[in-house]
Amino acid sequence: MQLTPEEQAILGGGRGEAAKRALEYQIEVGRFWGAQRFVPVTNVHMMGDIEVMGDGGLEYLRGEAARGARCVVGTTTNARCMDFAHCERMGQDAGEAKKERELIAILRRMDVVTTDTCINYQTVYQPHLGEHVAWGDTGTVIYANSVFGARSNFEAGPAALAAGLTGRTPEYGFHLDEHREGSFTVELKAKLDDLADWGAVGKLVGESHQNYYAVPVFHGYRRTPTADELKHLGAALASYGSMGMFHFVGVTPEAPSIEAALGGRVSPENLSITDEQIEKALSSFSLGDGNARLVVFSGPQQSLFEMKHLADLFAGRKIKAGSTCIVTTNSAILAQSRDLGYAKTLEDAGVTILEGVCFYILQNLSAMRVANRWTNMVSNSAKIVNIIGAHRFNTILRRTAECVDIACTGILK
């Protein structure tokens with residue numbers, strides 16, 4: 001790789017041992033991907049929780065902190081694996097909670113801002129067109145690339161931290177123009193009136209095009225989609241198809257027209273998504289044993305408008321006895337939701353609100369599933385119903401109002 005004088009100085013130890021080690025690691029990542037140089041980044045978003053990192057990751061962070069590791073650009077954390085206010089009641093391990101607290105303290109000493117959110121693009125930092133960032137979490141990356149026109153790859157935890165310490169990342173993948181052009185078109189003929197519908201689009205397109213560099217170009221929709229709709233679309237595309245970017249004609253900044261999104265090429269494939277296909281996708285989920293004891297609104301965390309919508313749907317209702325409904329969001333959204341009364345409405349209905357976490361990475365989740373006799377998990381998030389299979393849930397995607405009805409009636413259909 002071609003190094004600038006500043007990078008050569010970092011490699012020579014000019015910024016300390018931790019930054020030197022970080023750049024050495026990044027050089028190996030760059031060589032693997034065939035990168036010729038680094039690009040400066042202005043923002044980093046990283047995974048950093050004990051469930052994902054384990055004891056080895058914690059020991060690694062201890063070592064880097066002892067070497068004086070300090071972030072030189074704004075660096076934030078993704079959702080963590082426990083809400084300390086609820087971990088004992090939920091049966092999570094006290095020893096792991098202690099490690100999680102230590103991990104958070106270490107990250108803060110490194111100047112990492114522990115936001116604990118997977119919706120940083122809605123609540124913390126919004127990069128602009130052409131801005132290079134180094135983000136982890138697939139849902140954040142696809143949103144940055146697509147909706148903002150910023151540039152990032154899926155950064156693994158150590159790679160994202162290294163970018164925070166050096167202020168740069170290898171130039172490959174979606175940092176390059178050549179990978180950002182549309183690959184095929186998708187005409188949206190369906191109504192898509194619920195977030196689950198947008199997730200179903202991501203499922204249909206992602207499952208049939210499982211390619212990191214496949215970039216769908218959506219067009220023909222009847223209105224401008226909301227931020228939450230684009231959030232669920234992108235999260236599902238990344239989950240089902242490992243995709244890192246999409247275009248939405250007339251909406252996303254690199255797609256003023258179909259021709260521009262495709263880079264002037266003719267699309268080799270032209271798909272369409274109809275109401276019938278959406279209904280078929282939603283009905284394709286097995287009801288398993290019919291157990292309706294768990295409903296989850298998570299993956300991604302809920303925005304303020306999602307919290308408001310859920311409060312409206314749950315107002316005056318109660319979760320069925322023996323059932324559990326979990327909502328996750330970040331600290332900023334939860335604070336606003338408390339001020340506005342949304343959180344109280346949800347908690348009065350019996351909803352458990354978890355702060356700063358995502359359900360699918362909860363520490364001890366498999367044991368939690370067994371202890372609570374959760375066999376099915378119902379959600380309006382296509383992403384979470386796809387990725388949580390490792391914990392042996394039978395997952396069911398349903399529209400938001402249907403999820404609320406299931407939580408309150410205990411009837412699955």
# chains A, B, ... in the order shown; residues from 1 in each chain; ligands from 1
>>> closest_atom_pairs(of="segment 64-100 of chain A", to="segment 129-152 of chain A", cutoff="12 Å", atoms="only C-alpha atoms", output="JSON lines")
{"residue": "A:Val73", "atom": "CA", "partner": "A:Val133", "partner_atom": "CA", "distance": 10.0}
{"residue": "A:Gly74", "atom": "CA", "partner": "A:Val133", "partner_atom": "CA", "distance": 10.1}
{"residue": "A:Thr75", "atom": "CA", "partner": "A:Trp135", "partner_atom": "CA", "distance": 9.2}
{"residue": "A:Thr76", "atom": "CA", "partner": "A:Trp135", "partner_atom": "CA", "distance": 9.2}
{"residue": "A:Thr77", "atom": "CA", "partner": "A:Gly136", "partner_atom": "CA", "distance": 9.1}
{"residue": "A:Asn78", "atom": "CA", "partner": "A:Asp137", "partner_atom": "CA", "distance": 7.3}
{"residue": "A:Ala79", "atom": "CA", "partner": "A:Asp137", "partner_atom": "CA", "distance": 9.3}
{"residue": "A:Arg80", "atom": "CA", "partner": "A:Asp137", "partner_atom": "CA", "distance": 11.9}
>>> select_by_dssp(residues="segment 39-230 of chain A", states="helix (DSSP H, G or I)", output="PyMOL selection string")
chain A and resi 50-66+94-109+120-123+138-148+157-166+173-175+177-179+195-208+227-230
>>> closest_atom_pairs(of="segment 25-107 of chain A", to="segment 7-17 of chain A", cutoff="10 Å", atoms="only C-alpha atoms", output="JSON lines")
{"residue": "A:Ile27", "atom": "CA", "partner": "A:Leu11", "partner_atom": "CA", "distance": 10.0}
{"residue": "A:Phe38", "atom": "CA", "partner": "A:Glu7", "partner_atom": "CA", "distance": 8.9}
{"residue": "A:Glu64", "atom": "CA", "partner": "A:Glu17", "partner_atom": "CA", "distance": 8.6}
{"residue": "A:Ala66", "atom": "CA", "partner": "A:Glu17", "partner_atom": "CA", "distance": 9.9}
{"residue": "A:Arg67", "atom": "CA", "partner": "A:Glu17", "partner_atom": "CA", "distance": 6.1}
{"residue": "A:Gly68", "atom": "CA", "partner": "A:Gly16", "partner_atom": "CA", "distance": 7.2}
{"residue": "A:Ala69", "atom": "CA", "partner": "A:Glu17", "partner_atom": "CA", "distance": 8.0}
{"residue": "A:Arg70", "atom": "CA", "partner": "A:Gly16", "partner_atom": "CA", "distance": 9.7}
>>> atom_distance(atom1="atom CA of Thr328 of chain A", atom2="atom CA of Tyr212 of chain A")
27.7 Å
>>> closest_residue(among="A:Ser284, A:Asn291, A:Ser366, A:Asn386", to="Met90 of chain A", atoms="only C-alpha atoms")
A:Ser366
>>> closest_residue(among="A:Glu6, A:Met47, A:Thr226, A:Pro158", to="Tyr60 of chain A", atoms="only C-alpha atoms")
A:Pro158
>>> residues_around(residues="segment 367-382 of chain A", least_positions_apart="2", cutoff="8 Å", atoms="only C-alpha atoms", output="count of residues only")
40
>>> closest_residue(among="A:Phe32, A:Phe248, A:Phe285, A:Phe84", to="Thr224 of chain A", atoms="only C-alpha atoms")
A:Phe248
>>> residues_around(residues="Val29 of chain A", least_positions_apart="2", cutoff="12 Å", atoms="only C-alpha atoms", output="MDAnalysis selection string")
chainID A and resid 1 22:27 31:38 155:156 158:160 162:163 169:172
>>> closest_residue(among="A:Asp49, A:Asp111, A:Glu269, A:Glu355", to="Thr185 of chain A", atoms="only C-alpha atoms")
A:Glu269
>>> residues_around(residues="segment 306-312 of chain A", least_positions_apart="6", cutoff="6 Å", atoms="only C-alpha atoms", output="list in words")
Tyr342, Thr345 and Leu346 of chain A
>>> residues_around(residues="Ala261 of chain A", least_positions_apart="3", cutoff="8 Å", atoms="only C-alpha atoms", output="compact mmCIF listing (two decimals) with C-alpha atoms, in the first residue's frame")
# COMPACT_ATOMS: atom_id res chain seq x y z
CA GLU A 181 -23.29 2.00 -9.59
CA GLY A 182 -26.61 0.20 -9.70
CA VAL A 217 -32.10 0.57 -8.02
CA HIS A 247 -30.38 3.48 -4.89
CA VAL A 249 -34.60 7.08 -7.76
CA GLU A 254 -26.68 9.37 -6.27
CA ALA A 255 -29.91 8.45 -8.07
CA PRO A 256 -31.52 11.53 -9.64
CA SER A 257 -32.61 9.18 -12.45
CA ILE A 258 -32.46 5.49 -13.31
CA GLY A 264 -25.34 5.06 -17.94
>>> select_by_dssp(residues="segment 121-367 of chain A", states="strand (DSSP E or B)", output="PyMOL selection string")
chain A and resi 132+134-135+151+168-170+184-188+216-219+247-248+270-273+294-297+324-329+352-355+357
>>> write_last_selection(atoms="N, CA and C atoms", output="mmCIF file, in the first residue's frame")
data_model
loop_
_atom_site.group_PDB
_atom_site.id
_atom_site.type_symbol
_atom_site.label_atom_id
_atom_site.label_comp_id
_atom_site.auth_asym_id
_atom_site.auth_seq_id
_atom_site.Cartn_x
_atom_site.Cartn_y
_atom_site.Cartn_z
ATOM 1 N N HIS A 132 -16.248 9.981 3.705
ATOM 2 C CA HIS A 132 -15.749 8.652 4.054
ATOM 3 C C HIS A 132 -15.893 8.425 5.557
ATOM 4 N N ALA A 134 -16.158 4.998 8.676
ATOM 5 C CA ALA A 134 -15.812 3.589 8.919
ATOM 6 C C ALA A 134 -16.803 3.046 9.931
ATOM 7 N N TRP A 135 -17.867 2.472 9.432
ATOM 8 C CA TRP A 135 -18.955 2.022 10.303
ATOM 9 C C TRP A 135 -19.058 0.502 10.312
ATOM 10 N N ARG A 151 -19.648 7.063 2.321
ATOM 11 C CA ARG A 151 -18.906 5.901 1.827
ATOM 12 C C ARG A 151 -18.334 5.093 2.988
ATOM 13 N N ARG A 168 -8.319 6.830 9.570
ATOM 14 C CA ARG A 168 -8.325 6.442 8.149
ATOM 15 C C ARG A 168 -8.779 4.993 8.028
ATOM 16 N N THR A 169 -9.060 4.587 6.786
ATOM 17 C CA THR A 169 -9.452 3.201 6.512
ATOM 18 C C THR A 169 -8.973 2.842 5.117
ATOM 19 N N PRO A 170 -8.716 1.572 4.818
ATOM 20 C CA PRO A 170 -8.265 1.207 3.475
ATOM 21 C C PRO A 170 -9.301 1.556 2.413
ATOM 22 N N PHE A 184 -29.064 -3.584 -10.951
ATOM 23 C CA PHE A 184 -30.324 -3.993 -11.566
ATOM 24 C C PHE A 184 -31.427 -3.094 -11.011
ATOM 25 N N THR A 185 -32.585 -3.105 -11.660
ATOM 26 C CA THR A 185 -33.676 -2.228 -11.235
ATOM 27 C C THR A 185 -34.805 -3.027 -10.590
ATOM 28 N N VAL A 186 -35.522 -2.356 -9.695
ATOM 29 C CA VAL A 186 -36.667 -2.946 -9.006
ATOM 30 C C VAL A 186 -37.791 -1.913 -8.999
ATOM 31 N N GLU A 187 -38.861 -2.199 -9.713
ATOM 32 C CA GLU A 187 -40.011 -1.298 -9.727
ATOM 33 C C GLU A 187 -40.946 -1.659 -8.565
ATOM 34 N N LEU A 188 -41.261 -0.680 -7.760
ATOM 35 C CA LEU A 188 -42.115 -0.908 -6.591
ATOM 36 C C LEU A 188 -43.559 -0.588 -6.946
ATOM 37 N N PRO A 216 -29.209 -2.709 -5.867
ATOM 38 C CA PRO A 216 -30.517 -2.548 -6.515
ATOM 39 C C PRO A 216 -30.889 -1.073 -6.677
ATOM 40 N N VAL A 217 -31.618 -0.783 -7.746
ATOM 41 C CA VAL A 217 -32.100 0.566 -8.024
ATOM 42 C C VAL A 217 -33.626 0.533 -7.955
ATOM 43 N N PHE A 218 -34.190 1.091 -6.907
ATOM 44 C CA PHE A 218 -35.639 1.091 -6.720
ATOM 45 C C PHE A 218 -36.240 2.311 -7.415
ATOM 46 N N HIS A 219 -37.401 2.100 -8.029
ATOM 47 C CA HIS A 219 -38.048 3.207 -8.736
ATOM 48 C C HIS A 219 -39.539 2.927 -8.847
ATOM 49 N N HIS A 247 -29.939 2.174 -4.405
ATOM 50 C CA HIS A 247 -30.375 3.484 -4.889
ATOM 51 C C HIS A 247 -31.901 3.525 -4.871
ATOM 52 N N PHE A 248 -32.445 4.712 -4.655
ATOM 53 C CA PHE A 248 -33.890 4.918 -4.738
ATOM 54 C C PHE A 248 -34.084 6.179 -5.578
ATOM 55 N N ASN A 270 -34.568 -6.516 -14.652
ATOM 56 C CA ASN A 270 -35.584 -5.561 -14.228
ATOM 57 C C ASN A 270 -36.680 -6.296 -13.469
ATOM 58 N N LEU A 271 -36.723 -6.104 -12.164
ATOM 59 C CA LEU A 271 -37.700 -6.772 -11.315
ATOM 60 C C LEU A 271 -38.846 -5.835 -10.990
ATOM 61 N N SER A 272 -39.913 -6.400 -10.459
ATOM 62 C CA SER A 272 -41.007 -5.599 -9.910
ATOM 63 C C SER A 272 -41.516 -6.298 -8.659
ATOM 64 N N ILE A 273 -41.987 -5.502 -7.705
ATOM 65 C CA ILE A 273 -42.525 -6.020 -6.456
ATOM 66 C C ILE A 273 -43.979 -5.594 -6.365
ATOM 67 N N LEU A 294 -44.078 -14.209 22.704
ATOM 68 C CA LEU A 294 -43.007 -13.219 22.570
ATOM 69 C C LEU A 294 -43.195 -12.371 21.316
ATOM 70 N N VAL A 295 -43.287 -11.056 21.511
ATOM 71 C CA VAL A 295 -43.332 -10.086 20.420
ATOM 72 C C VAL A 295 -42.209 -9.091 20.656
ATOM 73 N N VAL A 296 -41.439 -8.800 19.597
ATOM 74 C CA VAL A 296 -40.243 -7.966 19.733
ATOM 75 C C VAL A 296 -40.256 -6.849 18.694
ATOM 76 N N PHE A 297 -39.981 -5.641 19.152
ATOM 77 C CA PHE A 297 -39.762 -4.510 18.250
ATOM 78 C C PHE A 297 -38.309 -4.075 18.441
ATOM 79 N N THR A 324 -44.823 -11.734 26.614
ATOM 80 C CA THR A 324 -43.791 -10.710 26.761
ATOM 81 C C THR A 324 -43.704 -9.901 25.482
ATOM 82 N N CYS A 325 -43.648 -8.594 25.628
ATOM 83 C CA CYS A 325 -43.403 -7.712 24.489
ATOM 84 C C CYS A 325 -42.225 -6.821 24.846
ATOM 85 N N ILE A 326 -41.207 -6.852 23.997
ATOM 86 C CA ILE A 326 -39.976 -6.096 24.241
ATOM 87 C C ILE A 326 -39.776 -5.067 23.139
ATOM 88 N N VAL A 327 -39.464 -3.856 23.544
ATOM 89 C CA VAL A 327 -39.142 -2.757 22.638
ATOM 90 C C VAL A 327 -37.742 -2.282 22.985
ATOM 91 N N THR A 328 -36.884 -2.092 21.994
ATOM 92 C CA THR A 328 -35.549 -1.562 22.264
ATOM 93 C C THR A 328 -35.358 -0.229 21.559
ATOM 94 N N THR A 329 -34.648 0.665 22.227
ATOM 95 C CA THR A 329 -34.288 1.956 21.646
ATOM 96 C C THR A 329 -33.040 2.457 22.345
ATOM 97 N N THR A 352 -41.987 -4.158 27.982
ATOM 98 C CA THR A 352 -40.658 -3.966 28.553
ATOM 99 C C THR A 352 -39.810 -3.166 27.567
ATOM 100 N N ILE A 353 -39.346 -1.988 27.981
ATOM 101 C CA ILE A 353 -38.490 -1.167 27.128
ATOM 102 C C ILE A 353 -37.049 -1.352 27.580
ATOM 103 N N LEU A 354 -36.204 -1.798 26.664
ATOM 104 C CA LEU A 354 -34.788 -1.981 26.958
ATOM 105 C C LEU A 354 -33.993 -0.864 26.291
ATOM 106 N N GLU A 355 -33.110 -0.252 27.062
ATOM 107 C CA GLU A 355 -32.337 0.890 26.585
ATOM 108 C C GLU A 355 -30.948 0.467 26.118
ATOM 109 N N VAL A 357 -29.819 -1.512 23.772
ATOM 110 C CA VAL A 357 -29.530 -2.887 23.369
ATOM 111 C C VAL A 357 -30.237 -3.219 22.057
#
>>> atom_distance(atom1="atom CA of Met46 of chain A", atom2="atom CA of Gly164 of chain A")
9.0 Å
>>> closest_residue(among="A:Glu28, A:Glu402, A:Glu51, A:Glu102", to="Tyr360 of chain A", atoms="only C-alpha atoms")
A:Glu51
